Structures are given as structure tokens and as C-alpha cells.
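Q: Sharing a structure, written as C-alpha cells. Questions coming.
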Amino acid sequence: MELNTSMVIGNVMRKLVDEGVTDFDSIAEAMESLKDMQNREGLYSNDRYTERGSDSQAVVITEHSGMKKDCILWCVNHYLGLNRNPRVIAKSKEIIERYGTGAGTSAMSGGMNSLHKEIETRINAMVGKERTLLFPTGYSANLGAISAIPGKNDLILFDHQSHASIIDGCKLSGKQWLAFKHNNVADLEAKLQRSQGKFQNILVVVEAAYSMSGDLAPLKAITALKKKYKFYLYVDEAHSFGFYGQGGRGYCYEQGVTDDVDFIMSTLSKATASIGGFVATKRKYCTLMSWHANSYIFQACISPADAGAILASLDEIESNPGLISGLHEKTAQMRKRLLEAGFDLGSSQSPIIPIYVREPKTLFAFGRGLYENGIFSVTIAFPAVKLSEGRLRFILNASHTQAQIDRTLEILKKVGGELGIVPRVGG
């Protein structure tokens, strides 16, 4: 098979299947060859890492070449910048001294401590549910909950752009599942209508804010369908908890639909700058999940230091509303200026701002040009998204300064103009 640097991994995999290549070594070698080719031309971004952790500015290292570049980072989901907050860091240090390092085992086996219980209690109060079940990661929360909730004769309907953890939860459930068109309430209703009477229960799964496109779910319209059809609703708030709704209570709260949502899930690695995940729901549903969700039963609890960081982050969110308002002001400003420059932002609304570059060769060149000019975000291509929907995401954090935003916009317009993505600056 002939390779070229404008190809993407997903495209290579598809071509190999079309050519009847199924040997494991041959497939792996083709992928490695493409990676090497792209590395030689500086097009491969997935092996880059930060020297000293995530921040709005960091030294980014290219593993292949060893090249180091001081960059403004736009690929990190620390929306409120609390991972560098001195009070959050101090709390983690204090907790390590008192509680030690790892939890050592799962919640069901004695790994849970008073910090975990305090997190659950505080989240209950924030999102307005009876009980919260704390998971080791956001991924394992979706994987465990969605695989545990449906019964033998149940159906899962999920948004087509749902995160991989949701899709994997559907697969692990072993039950029937079906996608509906992204944010398309009419298509969801049509599938609900066709499914009535054919299944014991129906679970509808959506995200409040979608990580790849940055758009928000029409939660009011979706919950309104409950007046006509019987189903349970599960909302993933990974990219909205902590910075939407009064006091960071989330997008369900902001939209006034909390009581109509049966399960509210979020990760704790984003706005709360740590690791972990939760599902908030009725007490009896938490009991069910605690006995059927393997990722809860068999996975070790989050570490005490990480639990301390979550609690300290919740304190910051509660006491500093300016963090949230400042984030949304920066988001609105940056989106406006990008649109004025002519960039394609799709239908994004949240602090995730995708810049679509539909042609793969141009997309990779765009990512390389930005990196060479000290702006870093990871290239997103097929199979993570459709072949014609490649993009770079610019994720606003409260820690991004005005100077960093201005510099980023300057470089985006310069490199984008050189590649014909937008009109050249100055004609």
C-alpha cells in the first residue's frame, strides 16, 4: 500500500480493509510507517508532551526529534485554571501528609475514605440529586453506569457525537443501542416513537456540551419529549459542570431541567482540576450501579491528594464567581474575533472552539505552522471525526491571559492566511 503524509490513520485502516489486509503485523507496520513519514515532516502532533505539566503556557517537547518549543497551550480542559491555583495545591499537599498516597483498593473493598464521602455530599447539593456515586475517572463513570443501568429488554439511544466512553458503555452493556442524529430532537423523537412498546425501558444519553464540536445540547426540547414518551435521561456534564449554572452547578441546572434528568454525570478532571467522575441520581439507582458497575466494584478509588484537589476546587468555584464569568467573557471575545477573521467554527457555543479545516493535508500543515510559531493544539482527524471534518480545538481556560489570546489570534490569522484557510492579513 502506497502512503503519503496527508493520509490519516483511520484512512489507512480503511484502505487496508478494502485491500483485504488483515494481518496484525502488516496493519501495525503501515501505521508506524505513516507516523514516521509525518514525523519527518513535523506533521505528527500526537507524540508531543509538556515538560512540566499542563498550563496556559508550557514547553512542549516533540518525542521524535527532541525539539522543545515554548507554546501557548489550547488543548487542555482545565477550564478554570485551578490545577495551578496555590490553595488547591496546598490542600493536596496537606491531604497527602494526613491520608497517604493511593487508596489501595476499590470503594467496595474499603478504599473509600471520608474525603470521597465529602465529595459525594457536596456534589449532591450542587446538582440537586439524592445521591452521588464517585468513580475513579470520568471514562469509567460512563463505562460503568451505562453498562449497568439497562436491563435485559432495554434500549439505549445516544447522540451520534457522544464520547467514546458512552459508546463503550453501550457496547459493554450487551443491550440494544442506536444512535440518533447529533442534537436532532426530531430524529430522537422518531426513534422514540418507533421504539415505544418494543422495549421494557429506554435510556437516552446525551452530552450537555460536546467535546469535539463545542456545541450545547437542546436539553429543554429533549426533556419536553418526556411528556409524550417514557424514557430515562442520562446527561454527561463533563464539559459543563463547574462553569455553567449558578455556582457551577452545571448546564442541566442552568436550563432548569434538573428534575427531568434522571442521571447527571461528570468528570472531575476538567473544571475541578483533578481526576475522577461521578453519577448523581436517585439513591436506589446508585445502589443498583454500585452492585452492577464493574468499574466501580473493581477499580481503585481516586487518591486522597486528588480528592483534596477536588474539594479545594469546589471551594474556589463557590467563593470566586468571577472565575466563571471571566471564562465566558473570554470565550465570547475569542469566538467573535475568529469569526470576523473568517474561520469556520461550526456551531460551537461553549469554551471549546473548533477551527475546521476540511482538507487533511492543509489541516496537518496548519497544526505544524501554529506549533512552529509557539501555538499548540492537537490535530483531530479521522477516525476521531469524519474525514471531511478535521479540526484543531482551542479550549479556553480562565488562566489564558489577554496577551496570550491576542498573540494566538495574530498567529492564527498569519498561518491561516498563508495556507488559504482565511484571507491573508493585509490582503
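Here, A, B, ... name the chains of the C-alpha cells in the order displayed, residue numbers run from 1 inside each chain, and ligands are numbered from 1 in the same displayed order.
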Env of stretch 327-340 of chain A: 9 Å cut, atoms = only C-alpha atoms, seq-sep filter 5 positions within chain, self excluded. Answer as an MDAnalysis selection string.
A: chainID A and resid 79:80 243 322 345 348:353 355 395:400 402 405:406 409 412:413
Q: Using only C-alpha atoms, which residues sit within 12 Å of A:Lys220 once same-chain residues fewer than 2 positions away are excluded, as a list in words?
A: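 Residues meeting the cut-off are Asn183, Val185, Ala208, Leu216, Ala217, Pro218, Ile222, Thr223, Ala224, Leu225, Lys226, Lys227, Leu233, Tyr251, Cys252, Tyr253, Glu254, Gln255, Gly256, Val257, Thr258, Asp259, Asp260 and Val261 of chain A.
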Q: Would you list the contacts of A:His163 as a list of chain:residue names, taking every protein, DNA or RNA residue within 8 Å and counting only C-alpha atoms, but skipping same-chain residues closer than 2 positions in sequence?
A: A:Gln161, A:Ser165, A:Ile166, A:Ile167, A:Tyr210, A:Ser211
Q: Give me, as a ChimeraX atom specification, all polymer residues having an atom no more than 12 Å from A:Ser290, counting only C-alpha atoms and skipping those fewer than 2 positions away in the same chain.
A: /A:106-109,131-135,141,144-145,147-149,278-279,283-288,292-299
Q: Between atom CA of A:Arg368 and atom CA of A:Phe394, what is the distance in Å, rounded to a tenth?
A: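 Rounded to one decimal, the two atoms are 15.1 Å apart.
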Q: Taking the DSSP secondary structure from the backbone, can you list the residues of stretch 125-346 of chain A that are helix (DSSP H, G or I), as a VMD selection string?
A: chain A and resid 125 to 127 138 to 148 164 to 173 185 to 195 219 to 227 246 to 248 251 to 254 258 to 260 283 to 292 294 to 297 304 to 319 322 to 341
Q: May I have the selected residues written with C-alpha atoms, as an mmCIF file, in the first residue's frame?
A:
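Just written: out13.cif:
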data_model
loop_
_atom_site.group_PDB
_atom_site.id
_atom_site.type_symbol
_atom_site.label_atom_id
_atom_site.label_comp_id
_atom_site.auth_asym_id
_atom_site.auth_seq_id
_atom_site.Cartn_x
_atom_site.Cartn_y
_atom_site.Cartn_z
ATOM 1 C CA ALA A 125 -26.078 19.622 46.953
ATOM 2 C CA MET A 126 -24.695 21.232 43.788
ATOM 3 C CA VAL A 127 -26.604 19.251 41.168
ATOM 4 C CA GLY A 138 -14.923 10.164 34.127
ATOM 5 C CA TYR A 139 -14.368 7.486 31.496
ATOM 6 C CA SER A 140 -15.040 4.697 33.983
ATOM 7 C CA ALA A 141 -18.136 6.531 35.275
ATOM 8 C CA ASN A 142 -19.736 6.405 31.817
ATOM 9 C CA LEU A 143 -18.432 2.927 31.122
ATOM 10 C CA GLY A 144 -19.714 1.563 34.428
ATOM 11 C CA ALA A 145 -23.035 3.388 34.692
ATOM 12 C CA ILE A 146 -24.218 2.944 31.103
ATOM 13 C CA SER A 147 -23.289 -0.731 31.104
ATOM 14 C CA ALA A 148 -25.026 -1.271 34.474
ATOM 15 C CA ALA A 164 -16.116 7.127 23.252
ATOM 16 C CA SER A 165 -16.765 6.297 26.915
ATOM 17 C CA ILE A 166 -20.521 6.476 26.272
ATOM 18 C CA ILE A 167 -20.292 4.279 23.179
ATOM 19 C CA ASP A 168 -18.077 1.787 25.009
ATOM 20 C CA GLY A 169 -20.602 1.722 27.863
ATOM 21 C CA CYS A 170 -23.320 0.857 25.340
ATOM 22 C CA LYS A 171 -21.212 -1.939 23.891
ATOM 23 C CA LEU A 172 -20.309 -3.321 27.313
ATOM 24 C CA SER A 173 -23.966 -3.356 28.358
ATOM 25 C CA VAL A 185 -34.628 16.334 18.508
ATOM 26 C CA ALA A 186 -36.879 15.335 15.599
ATOM 27 C CA ASP A 187 -34.727 12.277 14.851
ATOM 28 C CA LEU A 188 -34.658 11.354 18.544
ATOM 29 C CA GLU A 189 -38.438 11.636 18.698
ATOM 30 C CA ALA A 190 -38.867 9.468 15.601
ATOM 31 C CA LYS A 191 -36.710 6.750 17.155
ATOM 32 C CA LEU A 192 -38.551 7.033 20.482
ATOM 33 C CA GLN A 193 -41.873 6.751 18.682
ATOM 34 C CA ARG A 194 -40.794 3.632 16.767
ATOM 35 C CA SER A 195 -39.421 2.047 19.938
ATOM 36 C CA LEU A 219 -31.905 19.929 26.842
ATOM 37 C CA LYS A 220 -35.230 21.743 27.175
ATOM 38 C CA ALA A 221 -36.517 20.225 23.941
ATOM 39 C CA ILE A 222 -35.234 16.766 24.883
ATOM 40 C CA THR A 223 -36.798 16.815 28.341
ATOM 41 C CA ALA A 224 -40.076 18.050 26.814
ATOM 42 C CA LEU A 225 -40.291 14.708 24.980
ATOM 43 C CA LYS A 226 -40.851 13.040 28.359
ATOM 44 C CA LYS A 227 -44.408 14.351 28.301
ATOM 45 C CA GLN A 246 -25.293 29.328 39.293
ATOM 46 C CA GLY A 247 -22.253 28.369 41.345
ATOM 47 C CA GLY A 248 -21.046 25.979 38.654
ATOM 48 C CA TYR A 251 -25.901 23.064 32.299
ATOM 49 C CA CYS A 252 -28.894 20.996 33.468
ATOM 50 C CA TYR A 253 -29.304 23.461 36.338
ATOM 51 C CA GLU A 254 -28.835 26.473 34.038
ATOM 52 C CA THR A 258 -32.559 19.022 36.645
ATOM 53 C CA ASP A 259 -35.744 17.309 37.863
ATOM 54 C CA ASP A 260 -36.392 15.879 34.378
ATOM 55 C CA ARG A 283 -30.488 6.745 45.889
ATOM 56 C CA LYS A 284 -31.917 3.437 44.613
ATOM 57 C CA TYR A 285 -30.226 3.857 41.226
ATOM 58 C CA CYS A 286 -26.880 4.418 42.958
ATOM 59 C CA THR A 287 -27.405 1.178 44.847
ATOM 60 C CA LEU A 288 -28.081 -0.618 41.567
ATOM 61 C CA MET A 289 -24.939 0.816 39.953
ATOM 62 C CA SER A 290 -22.765 0.007 42.965
ATOM 63 C CA TRP A 291 -23.631 -3.677 42.508
ATOM 64 C CA HIS A 292 -23.520 -3.845 38.696
ATOM 65 C CA ASN A 294 -17.620 -3.221 37.243
ATOM 66 C CA SER A 295 -15.539 -0.043 37.011
ATOM 67 C CA TYR A 296 -16.888 0.935 40.443
ATOM 68 C CA ILE A 297 -16.607 -2.515 42.021
ATOM 69 C CA PRO A 304 -6.511 11.157 48.700
ATOM 70 C CA ALA A 305 -4.466 14.003 47.174
ATOM 71 C CA ASP A 306 -6.727 14.044 44.117
ATOM 72 C CA ALA A 307 -9.784 14.057 46.391
ATOM 73 C CA GLY A 308 -8.308 17.016 48.258
ATOM 74 C CA ALA A 309 -7.789 18.881 44.976
ATOM 75 C CA ILE A 310 -11.447 18.314 44.057
ATOM 76 C CA LEU A 311 -12.683 19.668 47.387
ATOM 77 C CA ALA A 312 -10.392 22.699 47.185
ATOM 78 C CA SER A 313 -11.520 23.345 43.596
ATOM 79 C CA LEU A 314 -15.175 23.224 44.677
ATOM 80 C CA ASP A 315 -14.297 25.803 47.363
ATOM 81 C CA GLU A 316 -12.766 28.070 44.699
ATOM 82 C CA ILE A 317 -15.794 27.722 42.402
ATOM 83 C CA GLU A 318 -18.132 28.560 45.271
ATOM 84 C CA SER A 319 -16.167 31.559 46.551
ATOM 85 C CA GLY A 322 -15.582 35.808 38.690
ATOM 86 C CA LEU A 323 -13.686 32.720 37.517
ATOM 87 C CA ILE A 324 -16.769 31.514 35.659
ATOM 88 C CA SER A 325 -17.924 34.865 34.290
ATOM 89 C CA GLY A 326 -14.363 35.678 33.173
ATOM 90 C CA LEU A 327 -14.104 32.384 31.286
ATOM 91 C CA HIS A 328 -17.324 33.024 29.359
ATOM 92 C CA GLU A 329 -16.318 36.618 28.566
ATOM 93 C CA LYS A 330 -13.013 35.424 27.098
ATOM 94 C CA THR A 331 -14.828 32.723 25.141
ATOM 95 C CA ALA A 332 -17.285 35.208 23.614
ATOM 96 C CA GLN A 333 -14.473 37.597 22.693
ATOM 97 C CA MET A 334 -12.284 34.943 21.074
ATOM 98 C CA ARG A 335 -15.167 33.391 19.127
ATOM 99 C CA LYS A 336 -16.214 36.816 17.810
ATOM 100 C CA ARG A 337 -12.697 37.683 16.632
ATOM 101 C CA LEU A 338 -12.185 34.276 14.975
ATOM 102 C CA LEU A 339 -15.463 34.599 13.088
ATOM 103 C CA GLU A 340 -14.524 38.120 11.971
ATOM 104 C CA ALA A 341 -11.239 36.713 10.625
#
Q: Have a look at A:Thr105, A:Gln38, A:Asn124, A:Ser269 and name the one nearest to A:Lys282; count only C-alpha atoms.
A: A:Asn124
Q: Tell me, as a list in words, which residues lie within 12 Å of A:Gln200, counting only C-alpha atoms; anything in the same chain fewer than 4 positions away does not count.
A: Pro150, Gly151, Lys152, Asn153, Asp154, Leu155, Ile156, Lys175, Gln176, Ser195, Gln196, Lys230, Phe231 and Tyr232 of chain A
Q: I need the residue nearest A:Asp70 from this list: A:Leu203, A:Leu16, A:Ala58, A:Ile421. Use only C-alpha atoms for the distance.
A: A:Ala58
Q: Tell me, which residues of stretch 34-207 of chain A carry DSSP strand (DSSP E or B), written as a PyMOL selection string?
A: chain A and resi 48-50+57-62+68-73+106+131-135+155-159+176-180+202-207
Q: Taking only C-alpha atoms into account, name the residue in A:Gly66, A:Gly250, A:Met13, A:Glu94 that is nearest to A:Ser26.
A: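 Distance minimum relative to A:Ser26 lands on A:Met13.
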